[in-house]
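As stored in target_18.pdb (PDB, C-alpha atoms (C1' of nucleotides)):
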ATOM      1  CA  MET N   1      -6.983 -15.500 -12.785
ATOM      2  CA  ALA N   2      -4.842 -16.488  -9.852
ATOM      3  CA  LEU N   3      -3.220 -14.000  -7.538
ATOM      4  CA  ASP N   4       0.253 -15.454  -7.355
ATOM      5  CA  ARG N   5       1.774 -13.200  -4.730
ATOM      6  CA  PRO N   6      -0.821 -12.018  -2.180
ATOM      7  CA  GLU N   7       1.926 -10.516   0.007
ATOM      8  CA  PHE N   8       2.239  -7.790  -2.611
ATOM      9  CA  ARG N   9      -1.443  -6.895  -2.650
ATOM     10  CA  PRO N  10      -1.815  -3.086  -2.332
ATOM     11  CA  ASP N  11      -3.606  -2.872   1.023
ATOM     12  CA  PRO N  12      -5.169   0.608   1.401
ATOM     13  CA  ALA N  13      -5.153   0.244   5.204
ATOM     14  CA  LEU N  14      -1.375   0.400   5.376
ATOM     15  CA  SER N  15       0.378   3.437   6.839
ATOM     16  CA  ARG N  16       2.137   5.704   4.401
ATOM     17  CA  ASP N  17       5.507   4.370   5.517
ATOM     18  CA  ALA N  18       4.346   0.781   5.092
ATOM     19  CA  MET N  19       3.046   1.626   1.604
ATOM     20  CA  GLU N  20       6.394   3.077   0.610
ATOM     21  CA  THR N  21       8.261   0.113   2.078
ATOM     22  CA  LEU N  22       6.031  -2.273   0.138
ATOM     23  CA  GLN N  23       6.713  -0.295  -3.047
ATOM     24  CA  ARG N  24      10.462  -0.737  -2.569
ATOM     25  CA  ASP N  25       9.883  -4.474  -2.115
ATOM     26  CA  ILE N  26       7.760  -4.500  -5.273
ATOM     27  CA  ALA N  27      10.508  -2.723  -7.214
ATOM     28  CA  ASP N  28      13.039  -5.274  -5.947
ATOM     29  CA  ALA N  29      10.783  -8.139  -7.018
ATOM     30  CA  ALA N  30      10.120  -6.570 -10.419
ATOM     31  CA  THR N  31      12.016  -7.517 -13.564
ATOM     32  CA  PHE N  32      12.789  -4.560 -15.837
ATOM     33  CA  ALA N  33      14.161  -6.786 -18.594
ATOM     34  CA  ASP N  34      12.398  -8.772 -21.300
ATOM     35  CA  ASP N  35      10.876 -11.989 -19.995
ATOM     36  CA  LEU N  36       7.821 -12.276 -22.209
ATOM     37  CA  PRO N  37       5.974 -15.450 -23.217
ATOM     38  CA  PHE N  38       5.793 -14.185 -26.819
ATOM     39  CA  ASP N  39       7.901 -12.386 -29.406
ATOM     40  CA  PRO N  40       7.172  -8.637 -29.127
ATOM     41  CA  ASP N  41       8.119  -8.155 -32.774
ATOM     42  CA  THR N  42       5.073 -10.141 -33.850
ATOM     43  CA  VAL N  43       2.637  -7.835 -32.076
ATOM     44  CA  ALA N  44       0.628  -5.565 -34.338
ATOM     45  CA  VAL N  45      -2.817  -4.030 -34.377
ATOM     46  CA  ASP N  46      -3.656  -3.068 -37.943
ATOM     47  CA  GLY N  47      -6.504  -0.701 -37.261
ATOM     48  CA  PRO N  48      -8.933   0.289 -34.510
ATOM     49  CA  VAL N  49     -10.507  -2.739 -32.860
ATOM     50  CA  GLU N  50     -14.211  -2.068 -33.351
ATOM     51  CA  ALA N  51     -16.537  -2.098 -30.364
ATOM     52  CA  ASP N  52     -18.890  -4.878 -31.379
ATOM     53  CA  ALA N  53     -18.503  -4.954 -35.110
ATOM     54  CA  SER N  54     -20.193  -8.056 -36.416
ATOM     55  CA  GLY N  55     -17.804 -10.909 -36.923
ATOM     56  CA  THR N  56     -14.801  -9.354 -35.187
ATOM     57  CA  GLU N  57     -15.627 -10.516 -31.690
ATOM     58  CA  ARG N  58     -15.242 -14.079 -30.631
ATOM     59  CA  LEU N  59     -15.114 -15.596 -27.185
ATOM     60  CA  GLY N  60     -12.060 -17.190 -25.645
ATOM     61  CA  ALA N  61      -8.486 -17.576 -26.812
ATOM     62  CA  SER N  62      -8.173 -19.573 -30.002
ATOM     63  CA  SER N  63      -4.611 -19.351 -31.228
ATOM     64  CA  ASP N  64      -1.014 -19.053 -30.097
ATOM     65  CA  ALA N  65      -1.039 -15.290 -30.557
ATOM     66  CA  PRO N  66      -0.547 -13.330 -27.322
ATOM     67  CA  VAL N  67      -3.574 -12.292 -25.299
ATOM     68  CA  ILE N  68      -3.167  -8.615 -24.433
ATOM     69  CA  VAL N  69      -5.410  -6.903 -21.921
ATOM     70  CA  GLY N  70      -6.073  -3.220 -21.449
ATOM     71  CA  VAL N  71      -6.959  -1.998 -17.949
ATOM     72  CA  ASP N  72      -8.697   1.254 -17.084
ATOM     73  CA  GLN N  73     -11.058   2.766 -14.545
ATOM     74  CA  ALA N  74     -13.930   5.168 -14.196
ATOM     75  CA  PHE N  75     -15.309   6.550 -10.949
ATOM     76  CA  LEU N  76     -18.785   7.039  -9.602
ATOM     77  CA  ASP N  77     -19.126   8.705  -6.204
ATOM     78  CA  ASP N  78     -17.035   6.555  -3.869
ATOM     79  CA  ARG N  79     -16.884   3.543  -6.144
ATOM     80  CA  ALA N  80     -14.315   2.461  -8.701
ATOM     81  CA  VAL N  81     -15.388   0.823 -11.950
ATOM     82  CA  SER N  82     -12.435  -1.287 -13.077
ATOM     83  CA  ALA N  83     -12.579  -2.576 -16.616
ATOM     84  CA  ILE N  84     -10.482  -5.056 -18.541
ATOM     85  CA  VAL N  85     -10.691  -5.880 -22.240
ATOM     86  CA  ALA N  86      -8.714  -8.757 -23.732
ATOM     87  CA  ILE N  87      -7.717  -8.837 -27.378
ATOM     88  CA  GLN N  88      -6.000 -11.461 -29.491
ATOM     89  CA  ASP N  89      -5.203 -11.243 -33.200
ATOM     90  CA  GLY N  90      -6.790  -7.798 -33.313
ATOM     91  CA  ALA N  91     -10.153  -8.956 -31.988
ATOM     92  CA  VAL N  92     -11.838  -8.641 -28.617
ATOM     93  CA  ILE N  93     -12.065 -12.027 -26.905
ATOM     94  CA  GLU N  94     -13.292 -11.046 -23.451
ATOM     95  CA  ARG N  95     -14.506  -8.135 -21.355
ATOM     96  CA  ALA N  96     -14.566  -7.986 -17.568
ATOM     97  CA  HIS N  97     -15.286  -5.424 -14.903
ATOM     98  CA  ALA N  98     -15.687  -4.974 -11.165
ATOM     99  CA  VAL N  99     -17.381  -2.275  -9.121
ATOM    100  CA  THR N 100     -15.610  -1.721  -5.820
ATOM    101  CA  PRO N 101     -15.805   0.809  -3.009
ATOM    102  CA  LEU N 102     -12.858   3.206  -2.897
ATOM    103  CA  GLU N 103     -10.897   3.196   0.356
ATOM    104  CA  ILE N 104      -8.476   6.078   0.010
ATOM    105  CA  PRO N 105      -8.063   9.290  -2.006
ATOM    106  CA  TYR N 106      -5.667   9.772  -4.877
ATOM    107  CA  ILE N 107      -2.163  10.597  -3.671
ATOM    108  CA  PRO N 108       0.628  11.042  -6.242
ATOM    109  CA  GLY N 109       2.982   8.108  -5.842
ATOM    110  CA  LEU N 110       0.409   5.940  -4.059
ATOM    111  CA  LEU N 111      -2.085   5.433  -6.886
ATOM    112  CA  ALA N 112      -1.789   1.641  -6.713
ATOM    113  CA  PHE N 113      -3.171   1.639  -3.170
ATOM    114  CA  ARG N 114      -6.316   3.397  -4.380
ATOM    115  CA  GLU N 115      -6.866   1.545  -7.652
ATOM    116  CA  GLY N 116      -4.867  -1.669  -7.331
ATOM    117  CA  GLY N 117      -7.395  -3.582  -5.235
ATOM    118  CA  PRO N 118     -10.313  -2.764  -7.546
ATOM    119  CA  ILE N 119      -8.205  -3.789 -10.536
ATOM    120  CA  LEU N 120      -7.284  -7.108  -8.930
ATOM    121  CA  ALA N 121     -10.990  -7.690  -8.302
ATOM    122  CA  ALA N 122     -11.638  -7.256 -12.025
ATOM    123  CA  PHE N 123      -8.781  -9.628 -12.890
ATOM    124  CA  GLU N 124     -10.364 -12.279 -10.686
ATOM    125  CA  THR N 125     -13.422 -12.298 -12.917
ATOM    126  CA  LEU N 126     -11.359 -12.695 -16.086
ATOM    127  CA  SER N 127     -11.330 -16.237 -17.435
ATOM    128  CA  VAL N 128      -8.727 -15.933 -20.181
ATOM    129  CA  GLU N 129      -5.022 -16.007 -19.247
ATOM    130  CA  PRO N 130      -3.308 -12.727 -20.293
ATOM    131  CA  ASP N 131       0.217 -12.599 -21.728
ATOM    132  CA  LEU N 132       0.561  -8.832 -21.241
ATOM    133  CA  ALA N 133      -1.366  -6.129 -19.404
ATOM    134  CA  VAL N 134      -1.409  -2.475 -20.478
ATOM    135  CA  PHE N 135      -2.112  -0.083 -17.620
ATOM    136  CA  ASP N 136      -3.337   3.489 -17.567
ATOM    137  CA  GLY N 137      -0.589   5.077 -15.470
ATOM    138  CA  SER N 138       3.106   4.614 -14.802
ATOM    139  CA  GLY N 139       5.220   1.563 -14.154
ATOM    140  CA  ARG N 140       8.890   2.145 -13.468
ATOM    141  CA  ILE N 141       8.449   5.902 -13.946
ATOM    142  CA  HIS N 142       7.742   6.312 -10.249
ATOM    143  CA  PHE N 143       9.527   7.721  -7.186
ATOM    144  CA  ARG N 144      10.239   4.217  -5.884
ATOM    145  CA  GLN N 145      10.084   2.496  -9.292
ATOM    146  CA  ALA N 146       6.784   0.864  -8.398
ATOM    147  CA  GLY N 147       3.930   2.568 -10.236
ATOM    148  CA  ILE N 148       0.588   0.818 -10.622
ATOM    149  CA  ALA N 149       1.682  -1.166 -13.692
ATOM    150  CA  THR N 150       4.637  -2.557 -11.773
ATOM    151  CA  HIS N 151       2.655  -3.166  -8.603
ATOM    152  CA  VAL N 152      -0.166  -5.124 -10.218
ATOM    153  CA  GLY N 153       2.219  -6.829 -12.644
ATOM    154  CA  VAL N 154       4.337  -8.151  -9.783
ATOM    155  CA  ALA N 155       1.314  -9.088  -7.655
ATOM    156  CA  LEU N 156       0.042 -11.251 -10.520
ATOM    157  CA  ASP N 157       3.503 -12.094 -11.881
ATOM    158  CA  LEU N 158       2.166 -10.879 -15.202
ATOM    159  CA  PRO N 159       4.188  -9.036 -17.874
ATOM    160  CA  SER N 160       2.922  -5.462 -17.791
ATOM    161  CA  ILE N 161       3.544  -1.976 -19.114
ATOM    162  CA  GLY N 162       2.441   1.487 -18.006
ATOM    163  CA  VAL N 163       1.108   4.135 -20.376
ATOM    164  CA  ALA N 164       0.662   7.569 -18.782
ATOM    165  CA  LYS N 165      -0.559  10.830 -20.288
ATOM    166  CA  LYS N 166       1.497  12.920 -17.874
ATOM    167  CA  LEU N 167       5.019  12.539 -16.519
ATOM    168  CA  LEU N 168       5.114  11.723 -12.788
ATOM    169  CA  CYS N 169       8.850  12.065 -12.248
ATOM    170  CA  GLY N 170      12.166  11.689 -14.017
ATOM    171  CA  GLU N 171      13.615  13.838 -16.771
ATOM    172  CA  PRO N 172      13.254  13.562 -20.571
ATOM    173  CA  ALA N 173      16.675  13.343 -22.270
ATOM    174  CA  GLU N 174      15.461  15.937 -24.803
ATOM    175  CA  PRO N 175      12.617  18.479 -24.938
ATOM    176  CA  VAL N 176       9.374  16.717 -25.865
ATOM    177  CA  ASP N 177       7.388  19.507 -27.485
ATOM    178  CA  ASP N 178       6.108  19.347 -31.051
ATOM    179  CA  ARG N 179       7.651  16.029 -32.034
ATOM    180  CA  PRO N 180       6.581  13.960 -35.050
ATOM    181  CA  ALA N 181       4.716  10.671 -34.701
ATOM    182  CA  GLY N 182       7.085   7.809 -33.926
ATOM    183  CA  TRP N 183       9.582   9.976 -32.069
ATOM    184  CA  SER N 184      10.772   8.959 -28.616
ATOM    185  CA  THR N 185      13.348   9.954 -26.023
ATOM    186  CA  PRO N 186      14.439   8.250 -22.795
ATOM    187  CA  ILE N 187      13.079   9.310 -19.415
ATOM    188  CA  GLU N 188      15.989   9.268 -17.012
ATOM    189  CA  ALA N 189      16.028   8.978 -13.247
ATOM    190  CA  ASP N 190      16.811  12.250 -11.486
ATOM    191  CA  GLY N 191      16.919  13.257  -7.844
ATOM    192  CA  THR N 192      13.226  12.414  -7.375
ATOM    193  CA  VAL N 193      13.684   8.754  -8.302
ATOM    194  CA  GLU N 194      15.213   6.078  -6.087
ATOM    195  CA  ALA N 195      17.578   4.822  -8.776
ATOM    196  CA  PRO N 196      21.049   5.850  -9.960
ATOM    197  CA  ASP N 197      20.931   9.136 -11.862
ATOM    198  CA  SER N 198      20.381   8.757 -15.606
ATOM    199  CA  THR N 199      18.948   5.244 -15.289
ATOM    200  CA  VAL N 200      16.493   4.893 -18.188
ATOM    201  CA  ILE N 201      13.163   4.275 -16.460
ATOM    202  CA  GLY N 202      10.922   4.748 -19.484
ATOM    203  CA  TYR N 203      10.339   6.752 -22.651
ATOM    204  CA  ALA N 204       8.393   9.741 -23.844
ATOM    205  CA  TYR N 205       6.783   8.396 -27.005
ATOM    206  CA  GLN N 206       4.913  10.451 -29.592
ATOM    207  CA  SER N 207       2.217   8.047 -30.732
ATOM    208  CA  ARG N 208       0.366  10.564 -32.827
ATOM    209  CA  GLN N 209       0.770  14.114 -34.117
ATOM    210  CA  TRP N 210      -1.115  16.629 -36.194
ATOM    211  CA  ASP N 211       0.472  17.921 -39.390
ATOM    212  CA  ARG N 212       0.233  21.573 -38.509
ATOM    213  CA  ASP N 213      -1.130  24.073 -36.047
ATOM    214  CA  GLN N 214      -2.162  22.141 -32.914
ATOM    215  CA  SER N 215       0.163  19.780 -31.118
ATOM    216  CA  ILE N 216      -0.435  16.552 -29.204
ATOM    217  CA  ASN N 217       1.505  15.686 -26.046
ATOM    218  CA  PRO N 218       3.573  12.514 -26.010
ATOM    219  CA  LEU N 219       2.796   9.422 -23.956
ATOM    220  CA  TYR N 220       5.049   8.492 -21.053
ATOM    221  CA  VAL N 221       5.563   4.751 -21.208
ATOM    222  CA  SER N 222       7.449   2.550 -18.780
ATOM    223  CA  PRO N 223       8.060  -1.087 -17.915
ATOM    224  CA  GLY N 224       5.710  -2.624 -15.407
ATOM    225  CA  HIS N 225       7.127  -6.108 -14.950
ATOM    226  CA  ARG N 226       9.091  -8.589 -17.099
ATOM    227  CA  VAL N 227       9.694  -6.138 -19.931
ATOM    228  CA  SER N 228      12.428  -3.611 -20.770
ATOM    229  CA  ALA N 229      11.973   0.101 -21.395
ATOM    230  CA  ALA N 230      12.823  -0.162 -25.100
ATOM    231  CA  THR N 231      10.463  -3.086 -25.636
ATOM    232  CA  THR N 232       7.749  -1.234 -23.747
ATOM    233  CA  ARG N 233       8.065   1.616 -26.226
ATOM    234  CA  ASP N 234       8.007  -0.795 -29.168
ATOM    235  CA  LEU N 235       4.940  -2.579 -27.823
ATOM    236  CA  VAL N 236       3.059   0.689 -27.364
ATOM    237  CA  ASP N 237       4.047   1.668 -30.888
ATOM    238  CA  ALA N 238       2.659  -1.636 -32.185
ATOM    239  CA  LEU N 239      -0.541  -1.331 -30.167
ATOM    240  CA  CYS N 240      -1.477   2.200 -31.254
ATOM    241  CA  ALA N 241      -3.807   2.025 -34.226
ATOM    242  CA  GLY N 242      -3.932   5.619 -35.398
ATOM    243  CA  TYR N 243      -4.958   7.064 -32.062
ATOM    244  CA  LYS N 244      -2.949   8.606 -29.248
ATOM    245  CA  LEU N 245      -3.669   5.733 -26.859
ATOM    246  CA  PRO N 246      -2.947   2.045 -27.447
ATOM    247  CA  GLU N 247      -5.966   0.042 -28.563
ATOM    248  CA  PRO N 248      -6.255  -2.114 -25.408
ATOM    249  CA  THR N 249      -6.421   1.070 -23.330
ATOM    250  CA  ARG N 250      -9.067   2.660 -25.552
ATOM    251  CA  LEU N 251     -11.204  -0.453 -25.350
ATOM    252  CA  ALA N 252     -10.870  -0.704 -21.577
ATOM    253  CA  ASP N 253     -11.639   3.002 -21.314
ATOM    254  CA  ARG N 254     -14.890   2.525 -23.203
ATOM    255  CA  ASN N 255     -15.777  -0.561 -21.215
ATOM    256  CA  ALA N 256     -15.321   1.410 -17.986
ATOM    257  CA  ASP N 257     -17.420   4.314 -19.264
ATOM    258  CA  ASP N 258     -20.188   2.032 -20.525
ATOM    259  CA  THR N 259     -20.272   0.097 -17.269
ATOM    260  CA  LYS N 260     -20.402   3.332 -15.299
ATOM    261  CA  ALA N 261     -23.256   4.633 -17.457
ATOM    262  CA  ALA N 262     -25.185   1.405 -16.938
ATOM    263  CA  LEU N 263     -24.912   1.876 -13.171
ATOM    264  CA  GLY N 264     -26.679   5.224 -13.418
TER     265      GLY N 264
ATOM    266  C1'  DG G   1      10.380  26.520   3.576
ATOM    267  C1'  DC G   2       9.084  25.902  -1.693
ATOM    268  C1'  DG G   3       7.729  23.404  -5.670
ATOM    269  C1'  DA G   4       6.119  19.059  -8.146
ATOM    270  C1'  DC G   5       3.051  15.463  -8.358
ATOM    271  C1'  DA G   6       0.206   9.010 -12.773
ATOM    272  C1'  DG G   7      -5.410   8.690 -12.153
TER     273       DG G   7
ATOM    274  C1'  DA L   1     -10.204  10.962 -12.602
ATOM    275  C1'  DT L   2     -14.634  14.168 -12.984
ATOM    276  C1'  DC L   3     -17.838  18.350 -14.213
ATOM    277  C1'  DT L   4     -19.294  19.894 -19.649
ATOM    278  C1'  DT L   5     -20.687  23.402 -25.095
ATOM    279  C1'  DG L   6     -19.109  24.779 -28.605
ATOM    280  C1'  DT L   7     -15.780  24.689 -32.087
ATOM    281  C1'  DC L   8     -11.850  24.036 -35.343
ATOM    282  C1'  DG L   9     -10.310  21.012 -39.058
ATOM    283  C1'  DC L  10      -9.990  16.951 -42.344
TER     284       DC L  10
END
As structure tokens, how would this structure be written, given the file I've shared?
Amino acid sequence: MALDRPEFRPDPALSRDAMETLQRDIADAATFADDLPFDPDTVAVDGPVEADASGTERLGASSDAPVIVGVDQAFLDDRAVSAIVAIQDGAVIERAHAVTPLEIPYIPGLLAFREGGPILAAFETLSVEPDLAVFDGSGRIHFRQAGIATHVGVALDLPSIGVAKKLLCGEPAEPVDDRPAGWSTPIEADGTVEAPDSTVIGYAYQSRQWDRDQSINPLYVSPGHRVSAATTRDLVDALCAGYKLPEPTRLADRNADDTKAALG
DNA sequence: GCGACAG
DNA sequence: ATCTTGTCGC
């Protein structure tokens, strides 16, 4: 897949100031409103997309339904294993991965400079054209409104959303503990975010919950590029098939783990 | 100075 | 993210 805007590539050699400046440029170039090539209301994943269940996997896009890709990574020593899994109509249509040397350590707020390059390398090996990418991490929920989902989404001019398991910054409008499945509340910009206070930068979304006793933490979802916060939440809701994480993410997660295991 | 901090 | 056994519950 083509890299449409190389000037936005997350170069790990940049100084910290240059990284932060680039993130502000990325946020300016990002669209936090719906501009999708498909109707989000038609997206639905009935049940878990099986690994390699006979008959469910076919190669290549074969309908007008949106192609949605999940992106995730695993790590092995100083190498990143970036994995992408594409689904369409509830079936896997392509898997891709790239093994790349890691240049810099993880720094909160600068994740895209560690993992963005490896992810772009994996995208370059993908033959199908995605309509939406689901990232493991934040999008607009970020100090400079340019989390990894936004950064890669803008660099590829691809609609994207971020799904994080922990909140990086911002403030939930209501307490998030012990909420029922389907519940959500806005994540608003606070003093740690470069946006007007109370700007809705994402949602805490309870994708799954136990009936009693133990409790599951919500997901923190946010727009990456070309999608609004509310639609991001609705898309994640539609993509979760009975598990805490959306199906594209679970598939990419397994692809990354399998690839890592095969490397030894 | 102190605390907080995606993967 | 990663290192890892047992264990609780449907």
**Prompt:** Evaluating the PyMOL selection byres ((chain G and resi 7) around 9) on the displayed file yields which residues, as a count of residues only?
**Reply:** 9
Could you tell me which residues the PyMOL selection byres ((chain N) within 12 of (chain G)) grabs in this file, written as an mmCIF file with C-alpha atoms, keeping the file's coordinate frame?
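That gives us selection_23.cif:
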data_model
loop_
_atom_site.group_PDB
_atom_site.id
_atom_site.type_symbol
_atom_site.label_atom_id
_atom_site.label_comp_id
_atom_site.auth_asym_id
_atom_site.auth_seq_id
_atom_site.Cartn_x
_atom_site.Cartn_y
_atom_site.Cartn_z
ATOM 1 C CA ASP N 72 -8.697 1.254 -17.084
ATOM 2 C CA GLN N 73 -11.058 2.766 -14.545
ATOM 3 C CA ALA N 74 -13.930 5.168 -14.196
ATOM 4 C CA PHE N 75 -15.309 6.550 -10.949
ATOM 5 C CA ALA N 80 -14.315 2.461 -8.701
ATOM 6 C CA PRO N 105 -8.063 9.290 -2.006
ATOM 7 C CA TYR N 106 -5.667 9.772 -4.877
ATOM 8 C CA ILE N 107 -2.163 10.597 -3.671
ATOM 9 C CA PRO N 108 0.628 11.042 -6.242
ATOM 10 C CA GLY N 109 2.982 8.108 -5.842
ATOM 11 C CA LEU N 110 0.409 5.940 -4.059
ATOM 12 C CA LEU N 111 -2.085 5.433 -6.886
ATOM 13 C CA ALA N 112 -1.789 1.641 -6.713
ATOM 14 C CA PHE N 113 -3.171 1.639 -3.170
ATOM 15 C CA ARG N 114 -6.316 3.397 -4.380
ATOM 16 C CA GLU N 115 -6.866 1.545 -7.652
ATOM 17 C CA GLY N 116 -4.867 -1.669 -7.331
ATOM 18 C CA PHE N 135 -2.112 -0.083 -17.620
ATOM 19 C CA ASP N 136 -3.337 3.489 -17.567
ATOM 20 C CA GLY N 137 -0.589 5.077 -15.470
ATOM 21 C CA SER N 138 3.106 4.614 -14.802
ATOM 22 C CA GLY N 139 5.220 1.563 -14.154
ATOM 23 C CA ARG N 140 8.890 2.145 -13.468
ATOM 24 C CA ILE N 141 8.449 5.902 -13.946
ATOM 25 C CA HIS N 142 7.742 6.312 -10.249
ATOM 26 C CA PHE N 143 9.527 7.721 -7.186
ATOM 27 C CA ALA N 146 6.784 0.864 -8.398
ATOM 28 C CA GLY N 147 3.930 2.568 -10.236
ATOM 29 C CA ILE N 148 0.588 0.818 -10.622
ATOM 30 C CA ALA N 149 1.682 -1.166 -13.692
ATOM 31 C CA GLY N 162 2.441 1.487 -18.006
ATOM 32 C CA VAL N 163 1.108 4.135 -20.376
ATOM 33 C CA ALA N 164 0.662 7.569 -18.782
ATOM 34 C CA LYS N 165 -0.559 10.830 -20.288
ATOM 35 C CA LYS N 166 1.497 12.920 -17.874
ATOM 36 C CA LEU N 167 5.019 12.539 -16.519
ATOM 37 C CA LEU N 168 5.114 11.723 -12.788
ATOM 38 C CA CYS N 169 8.850 12.065 -12.248
ATOM 39 C CA GLY N 170 12.166 11.689 -14.017
ATOM 40 C CA THR N 192 13.226 12.414 -7.375
ATOM 41 C CA LEU N 219 2.796 9.422 -23.956
ATOM 42 C CA TYR N 220 5.049 8.492 -21.053
ATOM 43 C CA VAL N 221 5.563 4.751 -21.208
ATOM 44 C CA SER N 222 7.449 2.550 -18.780
#
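Closest approach to Gln145 of chain N from the set N:Leu245, N:Ala29, N:Leu263, N:Ala44 is made by N:Ala29, with distances taken over all atoms listed in the file.
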**Prompt:** Which is closest to chain L among N:Leu251, N:Ala30, N:Arg212, N:Thr231, if we use only C-alpha atoms (C1' of nucleotides)?
**Reply:**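 For chain L, the nearest of the candidates is N:Arg212.
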**Asked** What is the distance, in Å and to one decimal place, between atom CA of Trp183 of chain N and atom CA of Ala86 of chain N?
**Response** 27.5 Å
Residues of chain L within 12 Å of chain N: nearest atom pair and distance (Å, one decimal) for each, counting only C-alpha atoms (C1' of nucleotides), sorted by chain and number, as CSV?
residue,atom,partner,partner_atom,distance
L:DA1,C1',N:Phe75,CA,6.9
L:DT2,C1',N:Phe75,CA,7.9
L:DC8,C1',N:Gln214,CA,10.2
L:DG9,C1',N:Asp213,CA,10.1
L:DC10,C1',N:Trp210,CA,10.8
Store the residues picked out above, limited to C-alpha atoms (C1' of nucleotides), as a compact mmCIF listing (two decimals), in the coordinates of the input.
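To be explicit, this is the file written out as out-v9.txt:
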# COMPACT_ATOMS: atom_id res chain seq x y z
C1' DA L 1 -10.20 10.96 -12.60
C1' DT L 2 -14.63 14.17 -12.98
C1' DC L 8 -11.85 24.04 -35.34
C1' DG L 9 -10.31 21.01 -39.06
C1' DC L 10 -9.99 16.95 -42.34
**Asked** Within 6 Å of segment 34-39 of chain N, counting only C-alpha atoms (C1' of nucleotides), which residues qualify if same-chain residues fewer than 3 places away don't, as an MDAnalysis selection string?
**Response** chainID N and resid 42 226:228
Could you write out that same residue set with C-alpha atoms as a PDB file, in the frame of the given file?
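And here is the file that came out, again-v6.pdb:
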ATOM      1  CA  THR N  42       5.073 -10.141 -33.850  1.00  0.00           C
ATOM      2  CA  ARG N 226       9.091  -8.589 -17.099  1.00  0.00           C
ATOM      3  CA  VAL N 227       9.694  -6.138 -19.931  1.00  0.00           C
ATOM      4  CA  SER N 228      12.428  -3.611 -20.770  1.00  0.00           C
TER       5      SER N 228
END
**Message:** Between atom CA of Phe32 of chain N and atom CA of Thr199 of chain N, what is the distance in Å, rounded to a tenth?
**Reply:**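 Computed distance, atom CA of Phe32 of chain N to atom CA of Thr199 of chain N, equals 11.6 Å.
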**Prompt:** What does the distance between atom CA of Ser82 of chain N and atom CA of Pro6 of chain N come to in Å, to one decimal place?
**Reply:** 19.2 Å
**Explicit residue set for the PyMOL selection byres ((chain N and resi 177) around 9), as a ChimeraX atom specification** = /N:175-176,178-179,215-218
Enclose all atoms of chain G listed in the file in an axis-aligned box, grow every side by 8 Å, and hand back centre and edge lengths in Å to one decimal, as JSON.
{"center_x": 2.5, "center_y": 17.6, "center_z": -4.6, "size_x": 31.8, "size_y": 33.8, "size_z": 32.3}
